[in-house]
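Okay, so here's the structure we're looking at.
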Amino acid sequence: MIEIKDVYKNYGGKKALGGVSLSLPRGEIVGLFGENGAGKTTLMKCILGFLPYKGEITLDGEKITHRNIEKISFATAEHSFFPELTPSGHRDFYAGHFPRFSEKRFDALMDFFELPRGKKLRSFSTGQKNQFEVIMAMSQGADYILMDEPFAGNDVFNREDFYKVLLGILTEHETVLLSTHLIEEESGFIGRAELIRNGDIVGDVSMSELDERGESLMDFVKEKYNYRADRVGRALDELIGDGGEEEK
Amino acid sequence: MKRRLDLERYAPVGYDWRRELKFFAGGLIGAFLYGTLRYGLRLRSAYDSLYYLSRTTGQRILREGVVMEDFAVLIDRCLSAFPLIALMMAFFAVLHYAYHRRGSRSDYTMRRLPDRWEMHRRCLAIPGTTALICLIAGFAMLLIYYGIYMLVTPEQCLTQGQWAKIWTMEVRS
């Protein structure tokens, strides 16, 4: 289990995370939702130790260090592959450094996404790069797979394929933390949703809980974000009203 | 069984280290040629000034009481390219780290490796080794030039403490 306790992070004087606490038990797919700048990426980078922070993050009860970091993989929209290396080169590199790297899963996913194995990553399209980023995160052999907007720039069919594959290949020990804006798309396959806003967790709900309440994930998000449904109508009224007056 | 050194393991992943090694080799050869040529010309000129040409016999005759120019003076800046290349390696080390942010953030992957030194080893090994080789080569050249100096200089023209003068001059400069 990844446990995050009272994690604070500031950039200069600006708050990025304001005492985030949450836990990610094994075998769950957790969606991390929030608007741009809410703190999703910062939280993931704190988990991975890429950023210094105040608070405590543990992995199966231990601090996250180089000794246990291989239990976590990371797919990011920024991409973390080596652009000058081919997929086959990546496979060899990962196999040599991550003891639980799954060549079988790598091969299956490469075949599924029909990616060329001998071309350098820099020559891939953005969609292919995203797919490859996810493939490496899924094949590393990690128990916790962190994905930060992995499909920014991919079309809806591509994403749907990915969700299906994800559900199909994940074992019961694997946990996925998936940060995204695509709330409705993901609601069908995540087990739990975490809402983050201005660096604070403002909502934590399991999908079964929402089902029992007969509430959709989007409704839950809107409620937690204090979404005002009449906002658009009022804005349009104002604009059209102003326009009308101007015409007069 | 003969084991081949796999240099790929000591360079950033996917990096064109062969091109870099060629550049380093070119630099070393250049430093060697520059040093040897400069030192050779200076030594030749100093050596020639020890003699004069007899008008009657046409033979070269050693001037009386003449002393050879100090080795420390002759060697001046002949070996400067070696430490310069060694210093340049700091730039290449920075370049190697920056490579991990070009086109992607592959440093994220490197920082997630169980071997926490992997990235540093790959970024520093080649520049560090090259810098060391440059310094050793520079020192080896110094010894060779010194040997040549001692060999060609007539004994009566040699002044004492030539080796020590190199370091005192270095300190003064």
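Lettering and numbering for the structure tokens are positional, with chains as A, B, ... in the shown order, residues counted from 1 in each chain, and ligands counted from 1 in the shown order.
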Legend entry - Which of range 21-100 of chain A DSSP labels strand (DSSP E), written as a ChimeraX atom specification: /A:21-24,29-33,54-59,62-63,72-76
Legend entry - All residues 12 Å or closer to Ile201 in chain A, only C-alpha atoms, same chain fewer than 3 positions away omitted, as JSON, numbers by chain: {"A": [4, 5, 6, 7, 8, 16, 17, 18, 19, 20, 21, 22, 23, 32, 33, 34, 38, 39, 40, 43, 193, 194, 195, 196, 197, 198, 204, 205, 221, 224, 225]}
For those residues, write C-alpha atoms to a file as a PDB file, in the first residue's frame.
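And here's part06.pdb as it stands now:
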ATOM      1  CA  ILE A   4       0.471   9.539   1.808  1.00  0.00           C
ATOM      2  CA  LYS A   5       0.226  11.470   5.068  1.00  0.00           C
ATOM      3  CA  ASP A   6       0.005  15.239   5.365  1.00  0.00           C
ATOM      4  CA  VAL A   7       2.080  15.983   2.312  1.00  0.00           C
ATOM      5  CA  TYR A   8       2.786  19.657   1.747  1.00  0.00           C
ATOM      6  CA  ALA A  16       0.954  23.148  -4.640  1.00  0.00           C
ATOM      7  CA  LEU A  17      -0.128  20.532  -2.091  1.00  0.00           C
ATOM      8  CA  GLY A  18      -1.707  21.521   1.177  1.00  0.00           C
ATOM      9  CA  GLY A  19      -1.527  18.505   3.450  1.00  0.00           C
ATOM     10  CA  VAL A  20      -2.646  15.705   1.157  1.00  0.00           C
ATOM     11  CA  SER A  21      -3.441  12.386   2.816  1.00  0.00           C
ATOM     12  CA  LEU A  22      -4.610   9.296   0.982  1.00  0.00           C
ATOM     13  CA  SER A  23      -3.816   5.646   0.634  1.00  0.00           C
ATOM     14  CA  LEU A  32      -7.116  11.176  -9.707  1.00  0.00           C
ATOM     15  CA  PHE A  33      -9.182  14.027 -11.038  1.00  0.00           C
ATOM     16  CA  GLY A  34      -8.593  17.731 -10.967  1.00  0.00           C
ATOM     17  CA  ALA A  38      -4.712  21.247  -9.076  1.00  0.00           C
ATOM     18  CA  GLY A  39      -1.643  19.294  -7.935  1.00  0.00           C
ATOM     19  CA  LYS A  40      -2.048  15.928  -9.686  1.00  0.00           C
ATOM     20  CA  LEU A  43       1.526  14.593  -6.049  1.00  0.00           C
ATOM     21  CA  ALA A 193     -12.006   8.418  -7.466  1.00  0.00           C
ATOM     22  CA  GLU A 194      -9.887  11.026  -5.729  1.00  0.00           C
ATOM     23  CA  LEU A 195     -10.659  14.653  -6.432  1.00  0.00           C
ATOM     24  CA  ILE A 196      -7.936  17.198  -5.967  1.00  0.00           C
ATOM     25  CA  ARG A 197      -8.439  20.931  -6.034  1.00  0.00           C
ATOM     26  CA  ASN A 198      -5.911  23.661  -5.294  1.00  0.00           C
ATOM     27  CA  ASP A 204     -12.627  10.431  -2.070  1.00  0.00           C
ATOM     28  CA  VAL A 205     -15.273   7.965  -3.148  1.00  0.00           C
ATOM     29  CA  VAL A 221     -17.316  15.893  -9.152  1.00  0.00           C
ATOM     30  CA  LYS A 224     -17.358  18.716  -4.841  1.00  0.00           C
ATOM     31  CA  TYR A 225     -16.253  21.446  -7.184  1.00  0.00           C
TER      32      TYR A 225
END
Legend entry - Contact set, chain A to chain B: 7 Å, only C-alpha atoms, as a PyMOL selection string: chain A and resi 66-67+69-70+78-85+97
Include all heavy atoms and write out the residues we just selected as a short mmCIF file (atom, residue, chain, number, x, y, z; two decimals), in the first residue's frame.
data_model
loop_
_atom_site.label_atom_id
_atom_site.label_comp_id
_atom_site.auth_asym_id
_atom_site.auth_seq_id
_atom_site.Cartn_x
_atom_site.Cartn_y
_atom_site.Cartn_z
N HIS A 66 15.71 4.06 -3.45
CA HIS A 66 16.13 3.23 -4.59
C HIS A 66 15.94 1.74 -4.31
O HIS A 66 15.90 0.93 -5.23
CB HIS A 66 17.59 3.54 -4.93
CG HIS A 66 18.55 3.12 -3.87
ND1 HIS A 66 18.77 3.88 -2.75
CD2 HIS A 66 19.29 2.01 -3.74
CE1 HIS A 66 19.64 3.25 -1.98
NE2 HIS A 66 19.97 2.13 -2.56
N ARG A 67 15.80 1.39 -3.03
CA ARG A 67 15.64 -0.02 -2.68
C ARG A 67 14.28 -0.58 -3.08
O ARG A 67 14.14 -1.75 -3.37
CB ARG A 67 15.87 -0.23 -1.19
CG ARG A 67 17.32 -0.10 -0.79
CD ARG A 67 17.56 -0.56 0.63
NE ARG A 67 18.93 -0.28 1.01
CZ ARG A 67 19.33 0.87 1.54
NH1 ARG A 67 18.46 1.83 1.77
NH2 ARG A 67 20.59 1.07 1.84
N ILE A 69 11.98 1.45 -5.13
CA ILE A 69 11.38 2.29 -6.18
C ILE A 69 10.92 1.45 -7.38
O ILE A 69 10.01 1.85 -8.10
CB ILE A 69 12.37 3.41 -6.61
CG1 ILE A 69 11.70 4.46 -7.51
CG2 ILE A 69 13.57 2.87 -7.32
CD1 ILE A 69 10.89 5.49 -6.82
N GLU A 70 11.56 0.30 -7.59
CA GLU A 70 11.16 -0.51 -8.75
C GLU A 70 9.75 -1.06 -8.63
O GLU A 70 9.19 -1.57 -9.59
CB GLU A 70 12.18 -1.63 -9.02
CG GLU A 70 12.40 -2.60 -7.88
CD GLU A 70 11.75 -3.96 -8.10
OE1 GLU A 70 11.29 -4.21 -9.21
OE2 GLU A 70 11.67 -4.74 -7.12
N GLU A 78 4.67 13.92 -20.30
CA GLU A 78 5.96 14.51 -20.67
C GLU A 78 6.86 13.48 -21.36
O GLU A 78 7.84 13.84 -21.97
CB GLU A 78 6.71 15.01 -19.42
CG GLU A 78 6.10 16.22 -18.76
CD GLU A 78 6.88 16.61 -17.52
OE1 GLU A 78 6.58 16.04 -16.44
OE2 GLU A 78 7.79 17.45 -17.60
N HIS A 79 6.54 12.21 -21.16
CA HIS A 79 7.27 11.04 -21.66
C HIS A 79 8.60 10.84 -20.90
O HIS A 79 9.30 11.81 -20.62
CB HIS A 79 7.57 11.12 -23.16
CG HIS A 79 6.32 11.20 -23.98
ND1 HIS A 79 6.23 11.97 -25.11
CD2 HIS A 79 5.09 10.65 -23.81
CE1 HIS A 79 5.01 11.88 -25.61
NE2 HIS A 79 4.29 11.09 -24.83
N SER A 80 8.86 9.59 -20.62
CA SER A 80 10.09 9.31 -19.87
C SER A 80 10.94 8.26 -20.58
O SER A 80 11.85 7.69 -19.98
CB SER A 80 9.74 8.85 -18.46
OG SER A 80 8.93 7.70 -18.49
N PHE A 81 10.64 8.02 -21.85
CA PHE A 81 11.46 7.06 -22.60
C PHE A 81 12.70 7.76 -23.16
O PHE A 81 12.88 8.97 -22.96
CB PHE A 81 10.64 6.42 -23.74
CG PHE A 81 9.92 7.41 -24.61
CD1 PHE A 81 10.61 8.26 -25.46
CD2 PHE A 81 8.52 7.52 -24.59
CE1 PHE A 81 9.96 9.19 -26.26
CE2 PHE A 81 7.85 8.44 -25.39
CZ PHE A 81 8.58 9.27 -26.23
N PHE A 82 13.53 6.98 -23.84
CA PHE A 82 14.75 7.53 -24.44
C PHE A 82 14.49 7.74 -25.94
O PHE A 82 14.39 6.77 -26.68
CB PHE A 82 15.92 6.57 -24.24
CG PHE A 82 16.17 6.25 -22.80
CD1 PHE A 82 15.67 5.08 -22.24
CD2 PHE A 82 16.88 7.11 -21.99
CE1 PHE A 82 15.87 4.79 -20.91
CE2 PHE A 82 17.08 6.83 -20.66
CZ PHE A 82 16.58 5.67 -20.11
N PRO A 83 14.38 8.99 -26.39
CA PRO A 83 13.98 9.24 -27.78
C PRO A 83 14.92 8.62 -28.83
O PRO A 83 14.50 8.31 -29.93
CB PRO A 83 14.00 10.76 -27.90
CG PRO A 83 13.96 11.27 -26.51
CD PRO A 83 14.59 10.24 -25.65
N GLU A 84 16.19 8.45 -28.45
CA GLU A 84 17.15 7.94 -29.43
C GLU A 84 17.25 6.42 -29.42
O GLU A 84 18.10 5.85 -30.10
CB GLU A 84 18.55 8.53 -29.14
CG GLU A 84 18.63 10.04 -29.26
CD GLU A 84 18.31 10.54 -30.66
OE1 GLU A 84 18.67 9.87 -31.64
OE2 GLU A 84 17.65 11.61 -30.77
N LEU A 85 16.39 5.78 -28.66
CA LEU A 85 16.44 4.33 -28.53
C LEU A 85 15.20 3.72 -29.20
O LEU A 85 14.13 4.34 -29.22
CB LEU A 85 16.46 3.96 -27.04
CG LEU A 85 17.16 2.68 -26.63
CD1 LEU A 85 18.62 2.71 -27.01
CD2 LEU A 85 17.02 2.46 -25.12
N HIS A 97 17.50 -3.81 -15.96
CA HIS A 97 17.47 -2.98 -14.75
C HIS A 97 16.29 -3.23 -13.82
O HIS A 97 16.38 -2.92 -12.63
CB HIS A 97 17.51 -1.49 -15.13
CG HIS A 97 18.85 -1.07 -15.64
ND1 HIS A 97 19.21 -1.18 -16.96
CD2 HIS A 97 19.93 -0.58 -15.00
CE1 HIS A 97 20.45 -0.75 -17.11
NE2 HIS A 97 20.91 -0.39 -15.94
#
Inset, instruction - as JSON, numbers by chain, list the residues of range 24-172 of chain B assigned to alpha helix (DSSP H) by DSSP on the backbone atoms of this structure. - result: {"B": [24, 25, 26, 27, 28, 29, 30, 31, 32, 33, 34, 35, 36, 37, 38, 39, 40, 41, 42, 43, 44, 45, 46, 47, 48, 71, 72, 73, 74, 81, 82, 83, 84, 85, 86, 87, 88, 89, 90, 91, 92, 93, 94, 95, 96, 97, 98, 99, 106, 107, 108, 109, 110, 111, 118, 119, 120, 121, 122, 123, 124, 125, 126, 127, 128, 129, 130, 131, 132, 133, 134, 135, 136, 137, 138, 139, 140, 141, 142, 143, 144, 145, 146, 147, 148, 149, 150, 151, 152, 162, 163, 164, 165, 166, 167, 168, 169, 170, 171, 172]}
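Distances here use only C-alpha atoms; by that measure, the residue among B:Leu142, B:Val152, B:Leu53, B:Ala81 closest to Tyr34 in chain B is B:Ala81.
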If you count only C-alpha atoms, which residues fall within 8 Å of range 181-191 of chain A, apart from same-chain ones fewer than 4 positions away, as a short mmCIF file (atom, residue, chain, number, x, y, z; two decimals) with N, CA, C and O atoms, in the first residue's frame?
data_model
loop_
_atom_site.label_atom_id
_atom_site.label_comp_id
_atom_site.auth_asym_id
_atom_site.auth_seq_id
_atom_site.Cartn_x
_atom_site.Cartn_y
_atom_site.Cartn_z
N GLU A 28 -6.16 -1.88 -6.82
CA GLU A 28 -7.23 -0.94 -7.12
C GLU A 28 -6.86 -0.06 -8.31
O GLU A 28 -5.68 0.24 -8.52
N ILE A 29 -7.86 0.35 -9.06
CA ILE A 29 -7.61 1.37 -10.09
C ILE A 29 -8.23 2.65 -9.58
O ILE A 29 -9.44 2.73 -9.37
N VAL A 30 -7.37 3.61 -9.31
CA VAL A 30 -7.82 4.86 -8.70
C VAL A 30 -7.68 6.00 -9.71
O VAL A 30 -6.62 6.17 -10.31
N GLY A 31 -8.75 6.72 -9.89
CA GLY A 31 -8.69 7.90 -10.77
C GLY A 31 -8.38 9.13 -9.94
O GLY A 31 -8.97 9.32 -8.87
N PHE A 33 -8.59 12.99 -10.18
CA PHE A 33 -9.18 14.03 -11.04
C PHE A 33 -8.93 15.42 -10.48
O PHE A 33 -8.91 15.61 -9.26
N GLY A 34 -8.79 16.35 -11.38
CA GLY A 34 -8.59 17.73 -10.97
C GLY A 34 -8.26 18.58 -12.17
O GLY A 34 -7.75 18.05 -13.17
N GLU A 35 -8.55 19.86 -12.05
CA GLU A 35 -8.27 20.73 -13.20
C GLU A 35 -6.77 20.98 -13.30
O GLU A 35 -6.00 20.54 -12.45
N GLU A 149 -1.82 11.77 -16.98
CA GLU A 149 -2.37 12.18 -18.28
C GLU A 149 -1.71 11.40 -19.41
O GLU A 149 -1.16 12.00 -20.35
N TYR A 163 -8.17 1.31 -22.19
CA TYR A 163 -8.92 0.95 -20.98
C TYR A 163 -9.26 -0.53 -20.97
O TYR A 163 -9.15 -1.21 -19.95
N LEU A 167 -7.86 -3.23 -18.21
CA LEU A 167 -8.72 -4.07 -17.38
C LEU A 167 -8.40 -5.55 -17.59
O LEU A 167 -8.48 -6.35 -16.66
N SER A 206 -15.61 5.61 -3.54
CA SER A 206 -15.50 4.39 -4.35
C SER A 206 -16.67 4.35 -5.31
O SER A 206 -17.75 4.90 -5.02
N MET A 207 -16.48 3.72 -6.43
CA MET A 207 -17.52 3.69 -7.45
C MET A 207 -18.73 2.91 -6.95
O MET A 207 -19.88 3.23 -7.30
N SER A 208 -18.48 1.89 -6.11
CA SER A 208 -19.61 1.12 -5.59
C SER A 208 -20.48 1.99 -4.66
O SER A 208 -21.71 1.87 -4.65
N LEU A 217 -20.38 9.70 -11.38
CA LEU A 217 -19.11 10.31 -10.98
C LEU A 217 -19.11 11.80 -11.33
O LEU A 217 -18.61 12.63 -10.56
N MET A 218 -19.69 12.13 -12.46
CA MET A 218 -19.72 13.52 -12.88
C MET A 218 -20.52 14.38 -11.89
O MET A 218 -20.11 15.49 -11.56
#
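The closest residue to Asp6 in chain B, picked from B:Arg18, B:Arg38, B:Tyr97, B:Phe139 and counting only C-alpha atoms, is B:Arg18.
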Inset, instruction - Write out as a list in words which residues come within 12 Å of Arg44 in chain B when counting only C-alpha atoms, dropping same-chain ones fewer than 3 positions away. - result: Thr36, Leu37, Arg38, Tyr39, Gly40, Leu41, Tyr47, Asp48, Ser49, Leu50, Tyr51, Met68, Glu69, Leu74, Ile148, Tyr149, Val152 and Thr153 of chain B
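Here the question is which of A:Thr76, A:Gly168, A:Asn68, A:Ala95 gets nearest to Leu109 in chain A using only C-alpha atoms, and that residue is A:Gly168.
Put simply, CA of Val73 in chain B is 28.0 Å away from CA of Gln59 in chain B.
The environment of Ala90 in chain B within 9 Å, counting only C-alpha atoms and disregarding residues fewer than 4 places along the same chain, consists of Ala86, Val94, Leu95, Leu124, Pro127, Gly128 and Ala131 of chain B.
Atom to atom, CA of Ala77 in chain A and CA of Asp148 in chain A stand 6.3 Å apart.
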